[in-house]
Each structure stands twice: as C-alpha cells, then as structure tokens.
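Asks: Got a file for you: entry_21.cif, mmCIF, C-alpha atoms.
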```
data_upload
loop_
_atom_site.label_atom_id
_atom_site.label_comp_id
_atom_site.auth_asym_id
_atom_site.auth_seq_id
_atom_site.Cartn_x
_atom_site.Cartn_y
_atom_site.Cartn_z
CA MET A 1 16.49 -17.03 0.25
CA ILE A 2 18.50 -14.12 1.59
CA PRO A 3 17.10 -12.84 4.89
CA SER A 4 16.83 -9.07 5.27
CA THR A 5 17.51 -8.96 8.99
CA THR A 6 20.74 -10.86 9.54
CA PRO A 7 22.96 -9.29 12.22
CA GLY A 8 24.18 -5.83 11.25
CA MET A 9 21.60 -5.38 8.51
CA HIS A 10 18.61 -3.08 8.33
CA PRO A 11 15.09 -4.51 8.13
CA THR A 12 13.54 -4.16 4.68
CA ILE A 13 10.14 -3.02 3.45
CA LEU A 14 8.81 -3.52 -0.07
CA ILE A 15 6.50 -0.62 -0.95
CA VAL A 16 4.52 -1.13 -4.14
CA GLY A 17 3.79 2.39 -5.38
CA ALA A 18 6.55 4.57 -3.92
CA SER A 19 7.30 7.07 -6.68
CA ARG A 20 5.53 10.02 -5.05
CA GLY A 21 2.91 11.05 -2.48
CA ILE A 22 2.25 8.82 0.50
CA GLY A 23 4.38 5.94 -0.79
CA HIS A 24 7.44 8.10 -1.27
CA ALA A 25 6.91 9.86 2.06
CA MET A 26 6.61 6.52 3.86
CA ALA A 27 9.85 5.39 2.23
CA ALA A 28 11.65 8.54 3.40
CA GLU A 29 10.33 8.19 6.96
CA LEU A 30 11.31 4.53 7.18
CA LEU A 31 14.80 5.28 5.89
CA ASN A 32 15.17 7.82 8.68
CA ARG A 33 14.16 5.08 11.12
CA GLY A 34 16.83 2.67 9.91
CA TRP A 35 14.91 0.61 7.37
CA ASN A 36 15.98 -0.33 3.87
CA VAL A 37 13.42 0.33 1.15
CA LEU A 38 12.64 -1.68 -1.94
CA GLY A 39 10.19 0.53 -3.78
CA THR A 40 8.38 0.28 -7.08
CA VAL A 41 7.53 2.81 -9.76
CA ARG A 42 5.52 2.26 -12.91
CA PRO A 43 7.43 1.37 -16.09
CA HIS A 44 8.28 4.38 -18.26
CA GLU A 45 7.49 6.73 -15.37
CA GLY A 46 10.92 8.32 -15.72
CA ARG A 47 12.89 9.74 -12.85
CA THR A 48 10.85 10.01 -9.65
CA GLN A 49 11.24 11.13 -6.06
CA LEU A 50 12.11 7.53 -5.20
CA HIS A 51 15.16 7.79 -7.47
CA ASP A 52 16.17 10.91 -5.55
CA LEU A 53 15.94 8.92 -2.31
CA ALA A 54 18.13 6.23 -3.82
CA ASP A 55 20.78 8.86 -4.52
CA GLU A 56 20.45 10.24 -0.99
CA TYR A 57 20.70 6.80 0.65
CA PRO A 58 23.17 4.81 -1.47
CA GLY A 59 22.88 1.08 -0.93
CA ARG A 60 19.68 1.37 1.10
CA VAL A 61 17.07 2.09 -1.58
CA GLU A 62 16.34 -0.17 -4.53
CA VAL A 63 14.02 0.95 -7.32
CA GLU A 64 11.95 -1.70 -9.10
CA THR A 65 9.21 -1.38 -11.72
CA VAL A 66 5.71 -2.80 -11.84
CA ASP A 67 2.27 -1.82 -13.09
CA VAL A 68 -0.19 -3.45 -10.70
CA CYS A 69 -2.76 -3.60 -13.50
CA GLU A 70 -0.55 -5.99 -15.48
CA PRO A 71 -0.42 -9.53 -13.98
CA GLY A 72 2.61 -10.42 -16.07
CA GLN A 73 4.57 -7.54 -14.58
CA ILE A 74 3.69 -8.63 -11.05
CA SER A 75 4.93 -12.15 -11.79
CA ALA A 76 8.10 -10.76 -13.37
CA LEU A 77 8.76 -8.67 -10.25
CA ARG A 78 8.32 -11.77 -8.11
CA ASN A 79 10.83 -13.63 -10.25
CA ARG A 80 13.37 -10.81 -9.99
CA LEU A 81 13.03 -10.88 -6.19
CA SER A 82 13.08 -14.65 -5.89
CA ASP A 83 16.13 -14.70 -3.60
CA ARG A 84 14.86 -11.98 -1.26
CA VAL A 85 13.02 -11.84 2.05
CA VAL A 86 11.24 -8.64 3.09
CA ASP A 87 10.00 -7.94 6.60
CA ILE A 88 7.00 -5.93 5.39
CA LEU A 89 5.13 -5.88 2.10
CA PHE A 90 2.96 -2.78 1.76
CA VAL A 91 0.88 -2.13 -1.36
CA ASN A 92 0.27 1.58 -1.70
CA ALA A 93 -0.73 1.78 -5.37
CA GLY A 94 -4.08 3.42 -6.01
CA THR A 95 -6.04 5.91 -8.07
CA ALA A 96 -9.30 7.86 -8.22
CA ASN A 97 -11.75 8.31 -11.07
CA ALA A 98 -11.27 11.32 -13.31
CA SER A 99 -14.55 12.88 -12.13
CA PRO A 100 -14.62 11.88 -8.44
CA HIS A 101 -18.15 13.13 -7.82
CA ASP A 102 -19.71 10.99 -10.56
CA THR A 103 -22.43 8.67 -9.32
CA LEU A 104 -22.45 5.07 -10.44
CA ASP A 105 -24.97 5.82 -13.19
CA GLU A 106 -22.72 8.61 -14.50
CA VAL A 107 -19.31 6.91 -14.55
CA SER A 108 -18.39 5.03 -17.70
CA THR A 109 -17.93 1.29 -17.51
CA GLU A 110 -14.33 1.69 -18.66
CA GLU A 111 -13.52 4.21 -15.91
CA PHE A 112 -15.18 2.11 -13.21
CA VAL A 113 -13.21 -0.95 -14.31
CA ARG A 114 -9.96 1.06 -14.36
CA VAL A 115 -10.43 2.22 -10.76
CA LEU A 116 -11.43 -1.25 -9.52
CA LEU A 117 -8.48 -2.82 -11.31
CA THR A 118 -6.00 -0.32 -9.81
CA ASN A 119 -7.44 -0.14 -6.29
CA THR A 120 -8.70 -3.69 -5.72
CA LEU A 121 -7.67 -6.39 -8.15
CA GLY A 122 -4.14 -5.11 -8.78
CA PRO A 123 -3.21 -4.73 -5.08
CA MET A 124 -4.68 -8.13 -4.22
CA ARG A 125 -2.78 -9.76 -7.07
CA CYS A 126 0.40 -8.17 -5.71
CA ILE A 127 -0.33 -9.56 -2.26
CA GLU A 128 -1.09 -13.04 -3.58
CA VAL A 129 1.99 -13.20 -5.80
CA LEU A 130 4.51 -11.45 -3.52
CA ALA A 131 3.35 -12.86 -0.17
CA ASP A 132 5.93 -15.61 -0.02
CA LEU A 133 8.70 -13.00 0.08
CA VAL A 134 7.42 -12.18 3.58
CA PRO A 135 8.20 -14.56 6.49
CA PRO A 136 5.21 -16.33 8.06
CA ASP A 137 5.46 -13.97 11.04
CA GLY A 138 5.95 -10.87 8.89
CA LEU A 139 3.49 -8.15 7.91
CA ILE A 140 1.49 -7.60 4.74
CA GLY A 141 -0.49 -4.39 4.36
CA ALA A 142 -2.40 -2.34 1.82
CA MET A 143 -3.45 1.28 1.63
CA SER A 144 -7.20 1.45 2.04
CA SER A 145 -9.22 4.52 2.99
CA GLY A 146 -11.77 5.59 5.54
CA GLN A 147 -14.07 5.93 2.53
CA GLY A 148 -13.96 2.15 2.23
CA SER A 149 -15.87 1.86 5.50
CA ILE A 150 -19.49 0.85 4.95
CA GLY A 151 -20.36 1.56 8.57
CA ASN A 152 -19.04 5.14 8.39
CA ASN A 153 -20.70 5.99 5.07
CA THR A 154 -23.52 8.27 6.16
CA ASN A 155 -22.93 11.11 3.69
CA GLY A 156 -22.36 9.29 0.41
CA GLY A 157 -20.27 10.84 -2.34
CA PHE A 158 -17.12 9.57 -4.08
CA GLU A 159 -19.07 6.47 -5.04
CA VAL A 160 -16.57 4.91 -7.42
CA TYR A 161 -13.60 5.38 -5.09
CA ARG A 162 -15.60 4.18 -2.07
CA SER A 163 -16.68 1.09 -3.96
CA SER A 164 -13.11 0.21 -4.92
CA LYS A 165 -11.79 0.55 -1.37
CA ALA A 166 -14.72 -1.37 0.15
CA ALA A 167 -13.97 -4.13 -2.36
CA LEU A 168 -10.30 -4.07 -1.33
CA ASN A 169 -11.33 -4.42 2.32
CA GLN A 170 -13.62 -7.35 1.58
CA SER A 171 -10.92 -9.03 -0.51
CA MET A 172 -8.42 -8.67 2.32
CA ARG A 173 -10.96 -10.21 4.71
CA SER A 174 -11.13 -13.21 2.39
CA TYR A 175 -7.34 -13.39 2.19
CA ALA A 176 -7.09 -13.16 5.98
CA ALA A 177 -9.50 -16.09 6.35
CA ARG A 178 -7.02 -18.20 4.40
CA GLN A 179 -4.22 -17.00 6.70
CA ALA A 180 -6.10 -17.68 9.93
CA ASN A 181 -3.74 -20.41 11.12
CA THR A 182 -0.55 -18.39 10.61
CA PRO A 183 1.11 -15.75 12.81
CA ARG A 184 1.10 -13.29 9.90
CA ALA A 185 0.05 -9.70 10.61
CA LEU A 186 -2.28 -8.12 8.04
CA LEU A 187 -3.17 -4.44 7.86
CA LEU A 188 -5.56 -2.19 5.97
CA MET A 189 -4.54 1.43 6.52
CA ALA A 190 -6.96 4.37 6.41
CA PRO A 191 -4.55 7.32 6.36
CA GLY A 192 -7.02 10.20 6.27
CA TRP A 193 -7.52 12.85 3.60
CA ILE A 194 -3.99 13.99 2.74
CA ARG A 195 -2.79 16.68 0.36
CA THR A 196 -1.17 14.69 -2.46
CA ALA A 197 -1.72 14.45 -6.20
CA LEU A 198 -4.45 11.91 -5.41
CA GLY A 199 -5.93 13.69 -2.40
CA GLY A 200 -5.88 17.12 -4.01
CA PRO A 201 -5.04 20.58 -2.63
CA ASP A 202 -8.16 20.86 -0.47
CA ALA A 203 -7.39 17.79 1.66
CA THR A 204 -7.37 18.22 5.41
CA PHE A 205 -3.87 17.05 6.29
CA SER A 206 -0.33 17.45 5.01
CA LEU A 207 2.13 14.63 4.44
CA GLU A 208 4.43 16.09 7.09
CA GLU A 209 1.83 15.80 9.87
CA THR A 210 0.47 12.39 8.91
CA ILE A 211 3.34 10.21 7.70
CA PRO A 212 5.00 9.72 11.12
CA ASP A 213 1.68 8.46 12.50
CA ILE A 214 1.13 6.17 9.51
CA VAL A 215 4.57 4.63 9.97
CA ASN A 216 4.09 4.35 13.75
CA THR A 217 0.88 2.37 13.22
CA LEU A 218 2.46 0.20 10.54
CA LEU A 219 5.41 -0.75 12.72
CA ALA A 220 3.27 -1.26 15.82
CA LYS A 221 1.22 -3.83 13.90
CA GLN A 222 4.28 -6.06 13.55
CA GLY A 223 3.91 -9.18 15.68
CA ARG A 224 0.11 -8.82 16.01
CA PRO A 225 -1.38 -11.69 13.98
CA GLY A 226 -4.55 -11.30 11.98
CA LEU A 227 -6.16 -8.51 9.97
CA GLU A 228 -6.92 -5.05 11.35
CA TYR A 229 -8.46 -2.03 9.61
CA LEU A 230 -6.83 0.96 11.30
CA ASP A 231 -6.55 4.71 10.87
CA ARG A 232 -3.16 6.39 11.02
CA LEU A 233 -3.37 6.72 14.82
CA GLY A 234 -3.93 2.99 15.23
CA ARG A 235 -7.66 3.25 15.94
CA THR A 236 -10.00 0.60 14.55
CA VAL A 237 -12.12 1.74 11.61
CA PRO A 238 -15.62 0.22 11.31
CA TRP A 239 -15.89 -2.21 8.42
#
```
If you took the structure in this file and wrote it as structure tokens, what would it be?
Replies:
Amino acid sequence: MIPSTTPGMHPTILIVGASRGIGHAMAAELLNRGWNVLGTVRPHEGRTQLHDLADEYPGRVEVETVDVCEPGQISALRNRLSDRVVDILFVNAGTANASPHDTLDEVSTEEFVRVLLTNTLGPMRCIEVLADLVPPDGLIGAMSSGQGSIGNNTNGGFEVYRSSKAALNQSMRSYAARQANTPRALLLMAPGWIRTALGGPDATFSLEETIPDIVNTLLAKQGRPGLEYLDRLGRTVPW
C-alpha cells in the first residue's frame, strides 16, 4: 500500500460526501491547512464544488464517486483505492426526510427507510468496507448530530432524522466495541445547526463560523484512541 504521509507529502483525508455543504467546506479548510483531499460525490451528480476545488488545488484533490446507499458502489470504491492509505476517513453523507416535522406515524415507510439507509446503514457500510485504508492508529469519523442524543432530547421534533442519527451513534458504539484493543481513534461529530441545503436557511450558524471549529476538533482527536461523541468545540455530547 502507498502511505499518504511519506516525507515531503501532505497527510490525506477521505471525505465521503464532499460535493457541497459541510463536506465541501471541510475539504476546503483542510486544503488550507496542508492536507490532501480524496472526496466523493454521487454518480451522475455532475460538476460540483469539489470539482472546483480540484481545479484550484491541482494534484491535491481527487474526486471519486459513490452512492452510500449502494453496497456495490462502496465495494467498487474500495477496490479502486486498494493501493492507498488515508490518515483520516470521515463519512459526511446524510439526508433529512422531505417533511422534517412528520411524526413517526405520519412518515411513509419508504421515506423512513430512505433516511435510515442514507444516515445509518450507508455510512456504517462505508466505515466497515473502507476501514482498512486507515492505519491502525488512524482516525475514522462520521457526521452525526446533536439531535442524535437521547439524553438531550427534551423537546422532541424531527423524529425521523433524530432516529437515524441515534441509530448511527449506536452502530458506531458497536463498531467501537470491536475496535477496543486497537489504538484507532473514532469520532462522531455533532456540528450544530448550520445553514446548508440540508440545514436550511433558518439554521443558527454559518459554514464560515463553524467549519474551522469542526476541523480543529477532528484533528485534535487524532492520536486519542476510542470513540467520542463531540460537538464542534470538542465538548462531549450526552449519548
């Protein structure tokens, strides 16, 4: 395998879901901090902001394709990257239900399954399949949400999205239990409510004010074994 951090080379992060929003903004921030980015977009998505970054940083951004809802595409991505080592794997892919305020008795079965597949099963399949690209002392992370916290859920609302992120958190706890004897760092990130296509225009924070903190917390987690569920400022979020 080809290491990503031989002398004179930049460290490399693989961001699954980097075409726009938080994923793209993380890629841009990490490039500014001297990292190389291997980012994914969905097939047939066309030209994205990640492609623009690749033009801006020639030789330091690679664009790959994967739909996290398609197991065959995840395996194909792993095969294409078989000779690579990445310092960090971060799965950012996610979605919300079309009517975010629907209760569980109102959402259709098909829509509930779509959100769970995109936010829980797809990301965990990516982690399981792509994990061996990351050194045993590397970092694997996924984008969760404060709404995945059971302990903090005192107001309800956003039931489908909350359920999917709580399921992601529980799945990562199970994965971490299997990694207990390794020095691997594992991270669930709760970035806050950010104004993106997913977060919507009424969200509290902008990308510009949150992304540096998200990246700070991500990089600070390197070398700290075990799973942590953290907000963008590095504070522990109740499970």
Asks: With all atoms listed in the file as the counted atoms, please give the residues lying no more than 12 Å from stretch 203-218 of chain A, apart from itself and same-chain residues fewer than 6 positions off, as number ranges by chain.
Replies: A: 13, 20-33, 35, 87-90, 138-143, 185-197, 224, 228-236
Asks: For a test of reading the model, state the distance in Å between atom CA of A:Gly46 and atom CA of A:Ala76, rounded to one decimal.
Replies: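 Answer for the atom CA of A:Gly46 to atom CA of A:Ala76 separation: 19.4 Å.
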Asks: Interatomic distance between atom CA of A:Gly94 and atom CA of A:Asp132?
Replies: 22.3 Å
Asks: The PyMOL selection byres ((chain A and resi 183) around 6) - which residues does that actually catch in the file I just gave you? List them as a list in words.
Replies: Asp137, Thr182, Arg184 and Pro225 of chain A
Asks: Rank nothing, just name the residue among A:Asn97, A:Asn92, A:Asn155, A:Thr65 nearest to A:Arg80, using all atoms listed in the file.
Replies: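 When distances to A:Arg80 are compared using all atoms listed in the file, the smallest one comes from A:Thr65.
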Asks: Rounded to one decimal in Å, what is the spacing between atom CA of A:Gly226 and atom CA of A:Val86?
Replies: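 We find that atom CA of A:Gly226 and atom CA of A:Val86 lie 18.3 Å from each other.
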Asks: Tell me, as a PyMOL selection string, which residues lie within 9 Å of A:Ser82, counting all atoms listed in the file; anything in the same chain fewer than 3 positions away does not count.
Replies: chain A and resi 1+77-79+85+133
Asks: Can you turn the PyMOL selection byres ((chain A and resi 116) around 12) into a concrete residue list for this file, as JSON, numbers by chain?
Replies: {"A": [68, 69, 93, 94, 95, 96, 97, 109, 110, 111, 112, 113, 114, 115, 117, 118, 119, 120, 121, 122, 123, 124, 159, 160, 161, 162, 163, 164, 165, 166, 167, 168, 171]}
Asks: Expand the PyMOL selection byres ((chain A and resi 51) around 10) into the explicit residue set it covers here, and present it as a ChimeraX atom specification.
Replies: /A:18-19,24,39,41,46-50,52-57,61-63
Asks: Which residue is closest to A:Ser145? Choose from A:Arg42, A:Asp105, A:Asn181, A:Pro238 and count all atoms listed in the file.
Replies: A:Pro238
Asks: Which is closer to A:Leu104 than all the others in A:Ile74, A:Phe158, A:Cys126, A:Asp83, using only C-alpha atoms?
Replies: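 Smallest distance to A:Leu104 is found for A:Phe158.
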